[in-house]
$ cat model_4.cif   # mmCIF, C-alpha atoms
data_input
loop_
_atom_site.label_atom_id
_atom_site.label_comp_id
_atom_site.auth_asym_id
_atom_site.auth_seq_id
_atom_site.Cartn_x
_atom_site.Cartn_y
_atom_site.Cartn_z
CA MET A 17 -30.60 -27.59 15.65
CA ALA A 18 -28.72 -26.73 12.47
CA LYS A 19 -29.02 -23.04 13.29
CA LEU A 20 -27.70 -23.53 16.82
CA LEU A 21 -24.82 -25.62 15.52
CA THR A 22 -23.88 -22.88 13.06
CA GLU A 23 -23.94 -20.29 15.83
CA MET A 24 -21.83 -22.41 18.15
CA LEU A 25 -19.33 -23.26 15.43
CA LYS A 26 -18.73 -19.60 14.58
CA GLY A 27 -16.27 -18.98 17.38
CA THR A 28 -14.45 -22.26 16.92
CA LEU A 29 -14.03 -22.51 13.15
CA GLU A 30 -10.62 -20.83 13.07
CA GLY A 31 -9.35 -23.39 15.56
CA VAL A 32 -11.03 -26.19 13.63
CA ILE A 33 -9.26 -25.11 10.45
CA LEU A 34 -5.89 -24.83 12.19
CA ALA A 35 -6.41 -28.27 13.70
CA SER A 36 -7.14 -29.64 10.24
CA LEU A 37 -3.92 -28.06 8.95
CA ALA A 38 -1.88 -29.51 11.81
CA GLY A 39 -1.89 -32.88 10.06
CA ARG A 40 -0.64 -31.63 6.72
CA PRO A 41 -0.78 -28.55 4.47
CA ALA A 42 -3.82 -28.14 2.23
CA TYR A 43 -5.61 -25.75 -0.11
CA GLY A 44 -9.07 -24.38 0.59
CA TYR A 45 -11.13 -26.99 -1.21
CA GLU A 46 -9.23 -29.86 0.43
CA ILE A 47 -9.83 -28.45 3.89
CA THR A 48 -13.53 -28.01 3.21
CA ALA A 49 -13.77 -31.56 1.85
CA ARG A 50 -11.89 -32.94 4.86
CA LEU A 51 -14.13 -31.12 7.31
CA ARG A 52 -17.24 -32.32 5.48
CA GLU A 53 -16.01 -35.91 5.73
CA GLN A 54 -15.55 -35.38 9.45
CA GLY A 55 -19.19 -34.40 9.87
CA PHE A 56 -19.14 -30.63 9.38
CA SER A 57 -21.51 -31.21 6.49
CA ASP A 58 -22.99 -27.72 6.14
CA ILE A 59 -19.73 -25.86 5.99
CA ALA A 60 -19.41 -23.54 2.97
CA GLU A 61 -16.16 -23.45 1.06
CA GLY A 62 -16.37 -19.66 0.92
CA THR A 63 -16.47 -19.46 4.71
CA VAL A 64 -13.39 -21.67 5.02
CA TYR A 65 -11.67 -19.55 2.38
CA ALA A 66 -12.54 -16.32 4.21
CA LEU A 67 -11.17 -17.69 7.47
CA LEU A 68 -8.00 -18.97 5.78
CA THR A 69 -7.44 -15.47 4.44
CA ARG A 70 -7.83 -14.11 7.97
CA LEU A 71 -5.43 -16.70 9.42
CA GLU A 72 -2.93 -15.74 6.74
CA LYS A 73 -3.24 -12.03 7.56
CA ARG A 74 -2.74 -12.78 11.24
CA GLY A 75 0.44 -14.71 10.43
CA LEU A 76 -0.80 -18.08 11.72
CA VAL A 77 -0.42 -19.92 8.43
CA ASP A 78 2.12 -19.77 5.62
CA VAL A 79 0.91 -19.76 2.04
CA GLU A 80 2.57 -21.17 -1.02
CA LYS A 81 1.19 -20.90 -4.54
CA VAL A 82 1.32 -24.28 -6.25
CA PRO A 83 0.50 -24.71 -9.96
CA SER A 84 -2.56 -26.89 -10.62
CA GLU A 85 -3.40 -29.09 -13.59
CA LYS A 86 -6.47 -27.07 -14.45
CA GLY A 87 -7.28 -23.52 -13.51
CA PRO A 88 -5.26 -20.99 -11.53
CA PRO A 89 -2.48 -21.87 -9.06
CA ARG A 90 -3.68 -23.14 -5.69
CA LYS A 91 -2.84 -21.47 -2.42
CA VAL A 92 -1.53 -24.21 -0.16
CA HIS A 93 -1.70 -23.32 3.53
CA SER A 94 0.51 -24.73 6.24
CA LEU A 95 0.58 -24.21 9.98
CA ASN A 96 3.62 -22.19 11.13
CA GLY A 97 5.11 -21.77 14.61
CA GLN A 98 2.74 -18.98 15.57
CA GLY A 99 -0.22 -20.99 14.30
CA GLN A 100 0.93 -23.96 16.33
CA GLU A 101 1.00 -21.81 19.47
CA TYR A 102 -2.44 -20.45 18.72
CA LEU A 103 -3.76 -23.97 18.19
CA GLU A 104 -2.42 -25.12 21.56
CA GLU A 105 -4.06 -22.12 23.20
CA PHE A 106 -7.27 -22.95 21.33
CA TRP A 107 -7.32 -26.53 22.70
CA ARG A 108 -6.61 -25.33 26.24
CA THR A 109 -9.51 -22.88 26.00
CA TRP A 110 -11.72 -25.55 24.49
CA SER A 111 -10.99 -28.00 27.34
CA PHE A 112 -11.73 -25.30 29.87
CA LEU A 113 -15.04 -24.43 28.20
CA ALA A 114 -16.09 -28.07 27.75
CA GLU A 115 -15.32 -28.80 31.40
CA ARG A 116 -17.28 -25.78 32.65
CA LEU A 117 -20.27 -26.65 30.46
CA GLU A 118 -20.23 -30.24 31.65
CA LYS A 119 -20.33 -28.96 35.24
CA LEU A 120 -23.34 -26.83 34.39
CA ARG A 121 -25.11 -29.80 32.85
CA GLU A 122 -24.54 -31.82 35.97
CA GLY A 123 -26.19 -28.97 37.83
CA GLY A 124 -23.02 -28.19 39.71
CA GLN A 125 -21.67 -24.82 40.82
CA MET B 25 -14.63 1.44 -2.82
CA ILE B 26 -12.79 0.85 -6.07
CA GLY B 27 -9.05 0.27 -5.74
CA PRO B 28 -6.38 1.44 -8.13
CA LYS B 29 -7.89 1.45 -11.60
CA LYS B 30 -5.42 -0.95 -13.11
CA ARG B 31 -6.06 -3.66 -10.53
CA TRP B 32 -9.79 -3.09 -10.78
CA ARG B 33 -9.70 -3.57 -14.56
CA ALA B 34 -7.61 -6.71 -14.19
CA TYR B 35 -10.14 -8.03 -11.67
CA LYS B 36 -13.07 -7.26 -13.99
CA ALA B 37 -11.30 -8.97 -16.89
CA ARG B 38 -10.85 -12.10 -14.74
CA THR B 39 -14.52 -12.15 -13.72
CA LYS B 40 -15.53 -11.98 -17.39
CA GLU B 41 -13.63 -15.20 -18.05
CA LEU B 42 -15.66 -17.11 -15.45
CA PRO B 43 -18.44 -19.45 -16.61
CA GLY B 44 -22.01 -18.06 -16.32
CA GLY B 45 -23.18 -18.93 -12.82
CA TYR B 46 -19.78 -18.26 -11.26
CA ARG B 47 -19.59 -14.87 -12.93
CA GLY B 48 -23.12 -14.14 -11.73
CA ALA B 49 -22.19 -15.09 -8.18
CA VAL B 50 -19.04 -12.93 -8.17
CA GLU B 51 -21.00 -9.99 -9.54
CA ALA B 52 -23.71 -10.45 -6.89
CA ILE B 53 -21.12 -10.46 -4.12
CA GLU B 54 -19.33 -7.51 -5.71
CA ARG B 55 -22.61 -5.55 -5.74
CA TYR B 56 -23.09 -6.34 -2.07
CA LEU B 57 -19.52 -5.43 -1.13
CA MET B 58 -19.99 -2.04 -2.80
CA HIS B 59 -22.17 -1.06 0.16
CA PHE B 60 -19.32 -1.32 2.60
CA VAL B 61 -17.60 1.86 3.61
CA PRO B 62 -14.12 1.82 2.08
CA THR B 63 -11.12 1.38 4.36
CA ASN B 64 -8.24 1.88 1.97
CA ALA B 65 -7.58 1.30 -1.71
CA GLU B 66 -4.99 -1.42 -1.10
CA SER B 67 -7.22 -3.63 1.01
CA THR B 68 -10.19 -3.03 -1.29
CA ALA B 69 -8.16 -4.14 -4.30
CA SER B 70 -6.98 -7.30 -2.53
CA MET B 71 -10.54 -8.02 -1.43
CA PHE B 72 -11.75 -8.26 -5.03
CA GLU B 73 -8.64 -10.13 -6.14
CA ASP B 74 -9.19 -12.71 -3.40
CA LEU B 75 -12.86 -12.96 -4.35
CA VAL B 76 -12.09 -13.80 -7.95
CA ASP B 77 -9.31 -16.21 -6.82
CA LEU B 78 -11.93 -18.17 -4.90
CA PHE B 79 -14.36 -18.38 -7.80
CA GLU B 80 -11.70 -19.17 -10.41
CA GLN B 81 -10.55 -22.08 -8.31
CA ALA B 82 -14.12 -23.21 -7.64
CA ALA B 83 -14.98 -23.04 -11.34
CA ALA B 84 -11.88 -25.09 -12.17
CA ASP B 85 -12.84 -27.70 -9.55
CA GLY B 86 -16.49 -27.64 -10.63
CA THR B 87 -17.64 -26.84 -7.08
CA PRO B 88 -21.36 -26.04 -7.13
CA ILE B 89 -22.08 -22.40 -6.20
CA ARG B 90 -24.22 -23.48 -3.24
CA GLU B 91 -21.22 -25.26 -1.75
CA ILE B 92 -19.14 -22.10 -2.08
CA VAL B 93 -21.59 -19.60 -0.67
CA GLY B 94 -23.57 -21.95 1.60
CA GLU B 95 -27.25 -21.74 2.43
CA ASP B 96 -26.72 -18.43 4.21
CA PRO B 97 -24.66 -16.34 1.77
CA GLU B 98 -24.71 -13.37 4.09
CA GLU B 99 -22.69 -15.28 6.64
CA PHE B 100 -20.01 -16.13 4.12
CA VAL B 101 -19.87 -12.60 2.71
CA GLU B 102 -19.71 -11.07 6.19
CA ALA B 103 -16.85 -13.39 7.16
CA PHE B 104 -15.17 -12.55 3.88
CA ALA B 105 -15.62 -8.76 4.12
CA ALA B 106 -14.53 -8.71 7.77
CA ASN B 107 -11.02 -9.48 6.56
CA TYR B 108 -10.78 -6.18 4.75
CA SER B 109 -12.86 -3.65 6.65
CA GLU B 110 -12.87 -3.16 10.39
CA ASP B 111 -16.61 -2.91 10.35
CA GLY B 112 -19.27 -1.86 7.92
CA TYR B 113 -22.90 -1.22 7.50
CA VAL B 114 -24.98 -2.77 4.76
CA PRO B 115 -28.61 -1.75 4.15
CA ALA B 116 -31.27 -4.50 4.37
CA ARG B 117 -32.30 -4.21 0.73
CA ALA B 118 -28.72 -5.03 -0.29
CA ARG B 119 -28.97 -8.24 1.71
CA LYS B 120 -32.17 -9.22 -0.05
CA GLN B 121 -30.56 -8.50 -3.40
CA LEU B 122 -27.54 -10.66 -2.48
CA ILE B 123 -29.76 -13.59 -1.54
CA ASP B 124 -31.88 -13.27 -4.70
CA ASP B 125 -28.90 -12.80 -7.00
CA LEU B 126 -27.10 -15.85 -5.62
CA GLU B 127 -30.27 -17.91 -5.91
CA ARG B 128 -30.28 -17.07 -9.61
CA ALA B 129 -26.54 -17.63 -10.06
CA ALA B 130 -26.70 -21.01 -8.28
CA GLY B 131 -29.48 -22.13 -10.59
CA ASP B 132 -27.27 -21.14 -13.49
CA SER B 133 -24.27 -23.24 -12.48
CA THR B 134 -25.55 -26.61 -13.64
CA ALA B 135 -23.77 -26.10 -16.95
CA VAL B 136 -20.35 -26.56 -15.33
#
$ encode --input "model_4.cif" --output "structure tokens"
Amino acid sequence: MAKLLTEMLKGTLEGVILASLAGRPAYGYEITARLREQGFSDIAEGTVYALLTRLEKRGLVDVEKVPSEKGPPRKVHSLNGQGQEYLEEFWRTWSFLAERLEKLREGGQ
Amino acid sequence: MIGPKKRWRAYKARTKELPGGYRGAVEAIERYLMHFVPTNAESTASMFEDLVDLFEQAAADGTPIREIVGEDPEEFVEAFAANYSEDGYVPARARKQLIDDLERAAGDSTAV
């Protein structure tokens, strides 16, 4: 079950992270903690970090370095216009997929 | 694999400042990443700088190493490396070494 969940999450994690950022900007650890609270309990911070880096390279999030009390400055990520568009596209695709899968479960066409 | 020397040295100096287990984990991942075919010096340099960014922040927050790398470190490292190289090939023994090294580093992180 856990293995299947991991596999199925792979293609959706970028969207999940963007959706989490839609509420408010956050740095990597905050996003991971938020997602864990929401039930994505096995998610690794490194994986979230790697995907954030990718989203940044693709221009979907803006990054600002904010000084922290302890340790190095934190990279705070926020959703930009392009990211917002991508997120809307992500939800449309998700609805389509969920609907098709539901049809299959019902044994439909 | 190794980017401009100056940036590489700065990266190595930063890893040396990390507490035990975190340093061990970065070095294990570094060893694994060395197997990737280089793309260009610039992206290689930023790859290691981003790697040490992650572990510096995690060490400051006291995040356990297992929560950073997950139960399947290969998955994290693949997702990480994919940002810097179009594709790459890593021999199986390197994967085993990564898993073993991180096991050791994670056991070492209780001090933080």
$ closest_residue --input "model_4.cif" --among "A:Glu23, A:Tyr43, A:Thr69, A:Val32" --to "Pro83 of chain A" --atoms "all atoms listed in the file"
A:Tyr43
$ residues_near_point --input "model_4.cif" --point "(-27.6, -13.1, -6.0)" --cutoff "9 Å" --atoms "only C-alpha atoms" --output "list in words"
Gly48, Ala49, Val50, Glu51, Ala52, Ile53, Pro97, Lys120, Gln121, Leu122, Ile123, Asp124, Asp125, Leu126, Glu127, Arg128, Ala129 and Ala130 of chain B
$ write_last_selection --input "model_4.cif" --atoms "C-alpha atoms" --output "mmCIF file, in the frame of the given file"
data_model
loop_
_atom_site.group_PDB
_atom_site.id
_atom_site.type_symbol
_atom_site.label_atom_id
_atom_site.label_comp_id
_atom_site.auth_asym_id
_atom_site.auth_seq_id
_atom_site.Cartn_x
_atom_site.Cartn_y
_atom_site.Cartn_z
ATOM 1 C CA GLY B 48 -23.120 -14.140 -11.730
ATOM 2 C CA ALA B 49 -22.190 -15.090 -8.180
ATOM 3 C CA VAL B 50 -19.040 -12.930 -8.170
ATOM 4 C CA GLU B 51 -21.000 -9.990 -9.540
ATOM 5 C CA ALA B 52 -23.710 -10.450 -6.890
ATOM 6 C CA ILE B 53 -21.120 -10.460 -4.120
ATOM 7 C CA PRO B 97 -24.660 -16.340 1.770
ATOM 8 C CA LYS B 120 -32.170 -9.220 -0.050
ATOM 9 C CA GLN B 121 -30.560 -8.500 -3.400
ATOM 10 C CA LEU B 122 -27.540 -10.660 -2.480
ATOM 11 C CA ILE B 123 -29.760 -13.590 -1.540
ATOM 12 C CA ASP B 124 -31.880 -13.270 -4.700
ATOM 13 C CA ASP B 125 -28.900 -12.800 -7.000
ATOM 14 C CA LEU B 126 -27.100 -15.850 -5.620
ATOM 15 C CA GLU B 127 -30.270 -17.910 -5.910
ATOM 16 C CA ARG B 128 -30.280 -17.070 -9.610
ATOM 17 C CA ALA B 129 -26.540 -17.630 -10.060
ATOM 18 C CA ALA B 130 -26.700 -21.010 -8.280
#
$ interface_residues --input "model_4.cif" --of "chain B" --to "chain A" --cutoff "12 Å" --atoms "all atoms listed in the file" --output "ChimeraX atom specification"
/B:38,41-42,49-50,53,67,70-71,73-109
$ atom_distance --input "model_4.cif" --atom1 "atom CA of Gly45 of chain B" --atom2 "atom CA of Ala69 of chain B"
22.7 Å
$ closest_residue --input "model_4.cif" --among "A:Ala18, A:Leu29, A:Leu34, A:Ile47" --to "Glu104 of chain A" --atoms "only C-alpha atoms"
A:Leu34
$ atom_distance --input "model_4.cif" --atom1 "atom CA of Ser57 of chain A" --atom2 "atom CA of Gln98 of chain A"
28.6 Å
$ atom_distance --input "model_4.cif" --atom1 "atom CA of Leu95 of chain A" --atom2 "atom CA of Val77 of chain A"
4.7 Å
$ resolve_selection --input "model_4.cif" --expression "the PyMOL selection byres ((chain A and resi 38) around 12)" --output "MDAnalysis selection string"
chainID A and resid 31:37 39:42 47 76:77 93:97 99:104
$ closest_residue --input "model_4.cif" --among "B:Glu54, B:Phe72, B:Ala116, B:Gly131" --to "Arg31 of chain B" --atoms "all atoms listed in the file"
B:Phe72
$ build_atoms --input "model_4.cif" --residues "segment 120-131 of chain B" --atoms "all heavy atoms" --output "PDB file, keeping the file's coordinate frame"
ATOM      1  N   LYS B 120     -31.145  -8.513   0.713  1.00  0.00           N
ATOM      2  CA  LYS B 120     -32.170  -9.220  -0.050  1.00  0.00           C
ATOM      3  C   LYS B 120     -31.675  -9.443  -1.487  1.00  0.00           C
ATOM      4  O   LYS B 120     -31.835 -10.512  -2.059  1.00  0.00           O
ATOM      5  CB  LYS B 120     -33.476  -8.425  -0.054  1.00  0.00           C
ATOM      6  CG  LYS B 120     -34.610  -9.199  -0.724  1.00  0.00           C
ATOM      7  CD  LYS B 120     -35.898  -8.398  -0.769  1.00  0.00           C
ATOM      8  CE  LYS B 120     -37.007  -9.201  -1.449  1.00  0.00           C
ATOM      9  NZ  LYS B 120     -36.625  -9.805  -2.732  1.00  0.00           N
ATOM     10  N   GLN B 121     -31.053  -8.395  -2.033  1.00  0.00           N
ATOM     11  CA  GLN B 121     -30.560  -8.500  -3.400  1.00  0.00           C
ATOM     12  C   GLN B 121     -29.474  -9.578  -3.507  1.00  0.00           C
ATOM     13  O   GLN B 121     -29.458 -10.358  -4.451  1.00  0.00           O
ATOM     14  CB  GLN B 121     -29.991  -7.150  -3.850  1.00  0.00           C
ATOM     15  CG  GLN B 121     -29.582  -7.170  -5.312  1.00  0.00           C
ATOM     16  CD  GLN B 121     -29.216  -5.795  -5.815  1.00  0.00           C
ATOM     17  OE1 GLN B 121     -28.599  -4.989  -5.110  1.00  0.00           O
ATOM     18  NE2 GLN B 121     -29.597  -5.502  -7.047  1.00  0.00           N
ATOM     19  N   LEU B 122     -28.596  -9.643  -2.502  1.00  0.00           N
ATOM     20  CA  LEU B 122     -27.540 -10.660  -2.480  1.00  0.00           C
ATOM     21  C   LEU B 122     -28.150 -12.057  -2.512  1.00  0.00           C
ATOM     22  O   LEU B 122     -27.751 -12.917  -3.302  1.00  0.00           O
ATOM     23  CB  LEU B 122     -26.665 -10.493  -1.243  1.00  0.00           C
ATOM     24  CG  LEU B 122     -25.614 -11.589  -1.025  1.00  0.00           C
ATOM     25  CD1 LEU B 122     -24.462 -11.442  -2.011  1.00  0.00           C
ATOM     26  CD2 LEU B 122     -25.081 -11.572   0.402  1.00  0.00           C
ATOM     27  N   ILE B 123     -29.134 -12.273  -1.649  1.00  0.00           N
ATOM     28  CA  ILE B 123     -29.760 -13.590  -1.540  1.00  0.00           C
ATOM     29  C   ILE B 123     -30.444 -13.965  -2.863  1.00  0.00           C
ATOM     30  O   ILE B 123     -30.274 -15.069  -3.378  1.00  0.00           O
ATOM     31  CB  ILE B 123     -30.736 -13.618  -0.348  1.00  0.00           C
ATOM     32  CG1 ILE B 123     -29.929 -13.499   0.961  1.00  0.00           C
ATOM     33  CG2 ILE B 123     -31.581 -14.896  -0.344  1.00  0.00           C
ATOM     34  CD1 ILE B 123     -30.736 -13.114   2.164  1.00  0.00           C
ATOM     35  N   ASP B 124     -31.188 -13.016  -3.431  1.00  0.00           N
ATOM     36  CA  ASP B 124     -31.880 -13.270  -4.700  1.00  0.00           C
ATOM     37  C   ASP B 124     -30.900 -13.517  -5.850  1.00  0.00           C
ATOM     38  O   ASP B 124     -31.079 -14.435  -6.656  1.00  0.00           O
ATOM     39  CB  ASP B 124     -32.785 -12.082  -5.079  1.00  0.00           C
ATOM     40  CG  ASP B 124     -33.945 -11.930  -4.108  1.00  0.00           C
ATOM     41  OD1 ASP B 124     -34.173 -12.857  -3.301  1.00  0.00           O
ATOM     42  OD2 ASP B 124     -34.608 -10.875  -4.130  1.00  0.00           O
ATOM     43  N   ASP B 125     -29.864 -12.686  -5.908  1.00  0.00           N
ATOM     44  CA  ASP B 125     -28.900 -12.800  -7.000  1.00  0.00           C
ATOM     45  C   ASP B 125     -28.178 -14.149  -6.952  1.00  0.00           C
ATOM     46  O   ASP B 125     -27.940 -14.775  -7.984  1.00  0.00           O
ATOM     47  CB  ASP B 125     -27.846 -11.683  -6.913  1.00  0.00           C
ATOM     48  CG  ASP B 125     -28.412 -10.340  -7.334  1.00  0.00           C
ATOM     49  OD1 ASP B 125     -29.544 -10.318  -7.874  1.00  0.00           O
ATOM     50  OD2 ASP B 125     -27.737  -9.318  -7.127  1.00  0.00           O
ATOM     51  N   LEU B 126     -27.825 -14.578  -5.734  1.00  0.00           N
ATOM     52  CA  LEU B 126     -27.100 -15.850  -5.620  1.00  0.00           C
ATOM     53  C   LEU B 126     -28.004 -17.028  -5.907  1.00  0.00           C
ATOM     54  O   LEU B 126     -27.572 -18.039  -6.441  1.00  0.00           O
ATOM     55  CB  LEU B 126     -26.446 -15.967  -4.244  1.00  0.00           C
ATOM     56  CG  LEU B 126     -25.181 -15.121  -4.116  1.00  0.00           C
ATOM     57  CD1 LEU B 126     -24.638 -15.160  -2.703  1.00  0.00           C
ATOM     58  CD2 LEU B 126     -24.102 -15.588  -5.089  1.00  0.00           C
ATOM     59  N   GLU B 127     -29.287 -16.880  -5.582  1.00  0.00           N
ATOM     60  CA  GLU B 127     -30.270 -17.910  -5.910  1.00  0.00           C
ATOM     61  C   GLU B 127     -30.255 -18.133  -7.427  1.00  0.00           C
ATOM     62  O   GLU B 127     -30.210 -19.259  -7.914  1.00  0.00           O
ATOM     63  CB  GLU B 127     -31.652 -17.401  -5.452  1.00  0.00           C
ATOM     64  CG  GLU B 127     -32.775 -18.405  -5.618  1.00  0.00           C
ATOM     65  CD  GLU B 127     -32.691 -19.533  -4.598  1.00  0.00           C
ATOM     66  OE1 GLU B 127     -32.518 -19.221  -3.412  1.00  0.00           O
ATOM     67  OE2 GLU B 127     -32.786 -20.696  -5.015  1.00  0.00           O
ATOM     68  N   ARG B 128     -30.267 -17.020  -8.148  1.00  0.00           N
ATOM     69  CA  ARG B 128     -30.280 -17.070  -9.610  1.00  0.00           C
ATOM     70  C   ARG B 128     -28.963 -17.660 -10.144  1.00  0.00           C
ATOM     71  O   ARG B 128     -28.971 -18.532 -11.003  1.00  0.00           O
ATOM     72  CB  ARG B 128     -30.487 -15.659 -10.177  1.00  0.00           C
ATOM     73  CG  ARG B 128     -31.171 -15.635 -11.529  1.00  0.00           C
ATOM     74  CD  ARG B 128     -31.608 -14.222 -11.892  1.00  0.00           C
ATOM     75  NE  ARG B 128     -32.420 -13.604 -10.849  1.00  0.00           N
ATOM     76  CZ  ARG B 128     -32.159 -12.436 -10.252  1.00  0.00           C
ATOM     77  NH1 ARG B 128     -31.073 -11.759 -10.564  1.00  0.00           N
ATOM     78  NH2 ARG B 128     -32.959 -11.957  -9.335  1.00  0.00           N
ATOM     79  N   ALA B 129     -27.853 -17.167  -9.591  1.00  0.00           N
ATOM     80  CA  ALA B 129     -26.540 -17.630 -10.060  1.00  0.00           C
ATOM     81  C   ALA B 129     -26.358 -19.124  -9.778  1.00  0.00           C
ATOM     82  O   ALA B 129     -25.831 -19.861 -10.613  1.00  0.00           O
ATOM     83  CB  ALA B 129     -25.430 -16.840  -9.387  1.00  0.00           C
ATOM     84  N   ALA B 130     -26.845 -19.598  -8.639  1.00  0.00           N
ATOM     85  CA  ALA B 130     -26.700 -21.010  -8.280  1.00  0.00           C
ATOM     86  C   ALA B 130     -27.502 -21.878  -9.241  1.00  0.00           C
ATOM     87  O   ALA B 130     -27.067 -22.956  -9.635  1.00  0.00           O
ATOM     88  CB  ALA B 130     -27.146 -21.244  -6.847  1.00  0.00           C
ATOM     89  N   GLY B 131     -28.654 -21.393  -9.659  1.00  0.00           N
ATOM     90  CA  GLY B 131     -29.480 -22.130 -10.590  1.00  0.00           C
ATOM     91  C   GLY B 131     -28.854 -22.219 -11.966  1.00  0.00           C
ATOM     92  O   GLY B 131     -29.160 -23.091 -12.764  1.00  0.00           O
TER      93      GLY B 131
END
